[in-house]
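Engineer: Sending over work_4.txt (compact mmCIF, C-alpha atoms).
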# COMPACT_ATOMS: atom_id res chain seq x y z
CA MET A 1296 79.87 160.14 56.51
CA ARG A 1297 83.47 160.75 55.60
CA ASN A 1298 85.84 157.93 54.79
CA ASP A 1299 88.17 158.82 57.70
CA MET A 1300 85.28 158.56 60.14
CA ARG A 1301 84.38 155.03 58.95
CA TRP A 1302 87.92 153.76 59.61
CA TYR A 1303 87.84 155.36 63.04
CA ILE A 1304 84.57 153.57 63.91
CA TRP A 1305 85.87 150.21 62.62
CA ALA A 1306 89.09 150.63 64.59
CA LEU A 1307 87.09 151.46 67.72
CA VAL A 1308 84.87 148.37 67.24
CA LEU A 1309 87.98 146.20 66.79
CA VAL A 1310 89.61 147.57 69.97
CA ILE A 1311 86.43 146.96 71.99
CA ALA A 1312 86.09 143.42 70.62
CA CYS A 1313 89.73 142.64 71.50
CA ALA A 1314 89.32 144.06 75.00
CA LEU A 1315 86.20 141.97 75.62
CA GLY A 1316 87.80 138.86 74.13
CA ALA A 1317 90.93 139.20 76.26
CA GLY A 1318 88.83 139.34 79.42
CA CYS A 1319 86.76 136.32 78.45
CA LEU A 1320 89.63 134.07 77.37
CA SER A 1321 91.52 132.78 80.37
CA SER A 1322 93.49 129.64 81.08
CA ARG A 1323 92.01 129.65 84.59
CA GLY A 1324 89.16 127.30 85.34
CA GLN A 1325 87.45 124.92 87.73
CA ASN A 1326 89.75 122.10 88.86
CA THR A 1327 87.98 118.86 89.74
CA GLN A 1328 91.18 116.83 90.03
CA ILE A 1329 92.44 118.41 93.26
CA THR A 1330 90.60 117.02 96.28
CA VAL A 1331 89.73 118.97 99.44
CA MET A 1332 88.64 117.15 102.61
CA SER A 1333 88.05 117.74 106.29
CA GLU A 1334 87.39 114.87 108.65
CA GLU A 1335 87.16 116.99 111.79
CA LEU A 1336 83.80 118.63 111.19
CA ASP A 1337 81.90 115.98 113.13
CA SER A 1338 84.14 116.27 116.17
CA PHE A 1339 84.86 119.96 116.68
CA ASN A 1340 86.29 120.74 120.09
CA PRO A 1341 86.03 124.49 120.52
CA VAL A 1342 88.28 126.43 122.84
CA ASN A 1343 86.20 128.73 125.02
CA VAL A 1344 87.58 132.23 125.58
CA GLY A 1345 85.13 134.42 127.48
CA SER A 1346 81.89 134.65 125.51
CA PHE A 1347 83.35 133.10 122.32
CA ASP A 1348 84.21 129.60 121.15
CA PHE A 1349 87.20 129.30 118.81
CA TYR A 1350 87.17 126.44 116.31
CA THR A 1351 90.08 125.09 114.28
CA ALA A 1352 89.78 122.63 111.41
CA ASP A 1353 92.50 121.06 109.32
CA ILE A 1354 91.72 121.03 105.62
CA ARG A 1355 93.54 118.36 103.60
CA VAL A 1356 94.37 119.23 100.00
CA GLU A 1357 95.65 116.57 97.63
CA ASN A 1358 96.76 116.46 94.01
CA PRO A 1359 96.32 112.77 93.11
CA THR A 1360 97.41 113.25 89.49
CA ASN A 1361 100.78 113.35 87.77
CA LEU A 1362 100.12 116.95 86.64
CA THR A 1363 101.40 120.21 88.12
CA PHE A 1364 98.81 122.92 88.74
CA ASP A 1365 99.75 126.59 89.15
CA ASN A 1366 97.86 129.39 90.92
CA VAL A 1367 95.56 127.10 92.85
CA GLU A 1368 92.75 128.86 94.75
CA ILE A 1369 90.69 126.86 97.22
CA GLN A 1370 87.47 128.25 98.65
CA VAL A 1371 86.11 126.45 101.70
CA HIS A 1372 82.53 127.02 102.90
CA LEU A 1373 80.99 125.80 106.14
CA MET A 1374 77.21 126.05 106.25
CA PRO A 1375 75.63 125.66 109.70
CA THR A 1376 73.07 122.94 110.24
CA THR A 1377 71.32 125.05 112.88
CA ALA A 1378 69.77 128.49 112.46
CA TYR A 1379 71.61 130.21 115.31
CA CYS A 1380 75.15 129.54 114.01
CA HIS A 1381 76.92 131.52 111.27
CA SER A 1382 78.28 130.39 107.93
CA GLN A 1383 82.06 130.45 107.65
CA SER A 1384 84.36 130.63 104.66
CA ALA A 1385 88.04 130.90 103.83
CA THR A 1386 90.20 131.13 100.74
CA PHE A 1387 93.61 129.48 100.41
CA ASP A 1388 96.03 130.47 97.65
CA ILE A 1389 98.65 127.89 96.72
CA PRO A 1390 101.24 129.04 94.14
CA SER A 1391 101.84 125.55 92.75
CA MET A 1392 100.82 121.95 93.44
CA THR A 1393 103.17 119.28 92.15
CA PRO A 1394 102.13 115.73 91.23
CA TYR A 1395 100.90 113.64 94.17
CA GLN A 1396 101.45 116.51 96.61
CA LYS A 1397 99.49 116.59 99.88
CA LEU A 1398 99.03 119.70 101.98
CA LYS A 1399 97.32 120.60 105.22
CA GLU A 1400 95.76 124.04 105.62
CA THR A 1401 94.32 125.28 108.91
CA PHE A 1402 91.00 127.07 109.01
CA SER A 1403 90.05 128.93 112.21
CA PHE A 1404 86.93 130.85 113.15
CA SER A 1405 84.86 131.84 116.15
CA GLU A 1406 81.23 131.66 117.26
CA PHE A 1407 79.36 132.87 120.30
CA ALA A 1408 79.95 130.56 123.25
CA ASP A 1409 77.90 127.47 124.04
CA LEU A 1410 76.01 127.26 120.72
CA ASP A 1411 77.16 123.71 119.94
CA CYS A 1412 77.39 124.39 116.19
CA ALA A 1413 77.59 121.78 113.45
CA TYR A 1414 78.44 122.45 109.80
CA ASN A 1415 78.14 121.03 106.30
CA PHE A 1416 81.38 121.30 104.31
CA SER A 1417 81.75 122.34 100.68
CA SER A 1418 84.69 123.54 98.63
CA SER A 1419 85.62 124.71 95.17
CA VAL A 1420 89.02 124.69 93.48
CA THR A 1421 90.23 126.81 90.56
CA SER A 1422 93.67 126.85 88.97
CA ASP A 1423 95.53 127.58 85.78
CA GLN A 1424 94.93 124.70 83.40
CA PRO A 1425 98.03 122.59 82.58
Here is a file; write its structure as structure tokens.

Structural biologist:
Amino acid sequence: MRNDMRWYIWALVLVIACALGAGCLSSRGQNTQITVMSEELDSFNPVNVGSFDFYTADIRVENPTNLTFDNVEIQVHLMPTTAYCHSQSATFDIPSMTPYQKLKETFSFSEFADLDCAYNFSSSVTSDQP
């Protein structure tokens, strides 16, 4: 193999390694300090419109720390406790959460009427690390 070809292969390997490394190194990660709660899940009062029930839940988001978090993404999942209801999910993007900030996000969805659905709540939060 010629000497020029070896340098070309090494340069190609270096470029691929840098491209893979840049994708794997991110300042974004799971954030366990921001809390997400909903107290309304046990007492949903749907609004009936024809053959559908419309549900609305307020999701409380709180940053109890003295840190500012940027690019906060909150994923909310509602898993039904009965087989005939559907799972629900929503994503909220918050550009920045300042220290001790509290927010309220509204999550709305619909189900077929008269199913009397109940849900288990889970959430995950990611953000840029401070």

Engineer: State, in Å with one decimal place, the distance from atom CA of Gln1370 of chain A to atom CA of Ile1354 of chain A.

Structural biologist: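 Atom CA of Ile1354 of chain A lies at a distance of 10.9 Å from atom CA of Gln1370 of chain A.
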
Engineer: I need every residue sitting at most 9 Å from the point (86.3, 127.3, 109.0) (coordinates as in the file, all atoms listed in the file considered), written as a ChimeraX atom specification.

Structural biologist: /A:1350-1354,1371-1373,1382-1385,1401-1405

Engineer: So that I have them on file, write out the residues from the current selection with C-alpha atoms, as a PDB file, in the frame of the given file.

Structural biologist:
ATOM      1  CA  TYR A1350      87.170 126.440 116.310  1.00  0.00           C
ATOM      2  CA  THR A1351      90.080 125.090 114.280  1.00  0.00           C
ATOM      3  CA  ALA A1352      89.780 122.630 111.410  1.00  0.00           C
ATOM      4  CA  ASP A1353      92.500 121.060 109.320  1.00  0.00           C
ATOM      5  CA  ILE A1354      91.720 121.030 105.620  1.00  0.00           C
ATOM      6  CA  VAL A1371      86.110 126.450 101.700  1.00  0.00           C
ATOM      7  CA  HIS A1372      82.530 127.020 102.900  1.00  0.00           C
ATOM      8  CA  LEU A1373      80.990 125.800 106.140  1.00  0.00           C
ATOM      9  CA  SER A1382      78.280 130.390 107.930  1.00  0.00           C
ATOM     10  CA  GLN A1383      82.060 130.450 107.650  1.00  0.00           C
ATOM     11  CA  SER A1384      84.360 130.630 104.660  1.00  0.00           C
ATOM     12  CA  ALA A1385      88.040 130.900 103.830  1.00  0.00           C
ATOM     13  CA  THR A1401      94.320 125.280 108.910  1.00  0.00           C
ATOM     14  CA  PHE A1402      91.000 127.070 109.010  1.00  0.00           C
ATOM     15  CA  SER A1403      90.050 128.930 112.210  1.00  0.00           C
ATOM     16  CA  PHE A1404      86.930 130.850 113.150  1.00  0.00           C
ATOM     17  CA  SER A1405      84.860 131.840 116.150  1.00  0.00           C
TER      18      SER A1405
END

Engineer: Please check which residues have atoms at most 9 Å from (77.9, 122.5, 99.0) in the file's coordinates, counting all atoms listed in the file, and write them as a CSV table (one decimal) with C-alpha atoms, keeping the file's coordinate frame.

Structural biologist:
chain,number,residue,atom,x,y,z
A,1372,HIS,CA,82.5,127.0,102.9
A,1373,LEU,CA,81.0,125.8,106.1
A,1374,MET,CA,77.2,126.0,106.2
A,1415,ASN,CA,78.1,121.0,106.3
A,1416,PHE,CA,81.4,121.3,104.3
A,1417,SER,CA,81.8,122.3,100.7
A,1418,SER,CA,84.7,123.5,98.6
A,1419,SER,CA,85.6,124.7,95.2

Engineer: Could you jot down the atom CA of Pro1359 of chain A to atom CA of Thr1330 of chain A separation for me, Å, one decimal place?

Structural biologist: 7.8 Å

Engineer: Quick one: pull the distance between atom CA of Thr1377 of chain A and atom CA of Asp1409 of chain A, Å, one decimal.

Structural biologist: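 Value for the atom CA of Thr1377 of chain A-atom CA of Asp1409 of chain A distance: 13.2 Å.
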
Engineer: Which is closer to Lys1397 of chain A than all the others in A:Tyr1303, A:Met1332, A:Glu1357, A:Val1310, using only C-alpha atoms?

Structural biologist: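 Smallest separation from Lys1397 of chain A among the options: A:Glu1357.
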
Engineer: Need the axis-aligned box for segment 1385-1399 of chain A with 3 Å each side, so what are the centre and edges in Å to one decimal, as AutoDock Vina command-line options?

Structural biologist:
--center_x 95.6 --center_y 122.4 --center_z 98.2 --size_x 21.1 --size_y 23.5 --size_z 20.0

Engineer: A:Cys1412, A:Cys1380, A:Ile1329, A:Val1342: which is nearest Thr1393 of chain A, counting only C-alpha atoms?

Structural biologist: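 So, comparing all the options, the nearest one is A:Ile1329.
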
Engineer: Choose the residue, out of A:Ala1378, A:Ile1311, A:Val1367, A:Ala1408, that has the smallest atom-to-atom separation from Ser1346 of chain A; count all atoms listed in the file.

Structural biologist: A:Ala1408

Engineer: Just the residues within 7 Å of Glu1406 of chain A, please, counting all atoms listed in the file, with nothing from its chain fewer than 4 positions along; format it as a PDB file with C-alpha atoms, in the frame of the given file.

Structural biologist:
ATOM      1  CA  PHE A1347      83.350 133.100 122.320  1.00  0.00           C
ATOM      2  CA  ASP A1348      84.210 129.600 121.150  1.00  0.00           C
ATOM      3  CA  PHE A1349      87.200 129.300 118.810  1.00  0.00           C
TER       4      PHE A1349
END
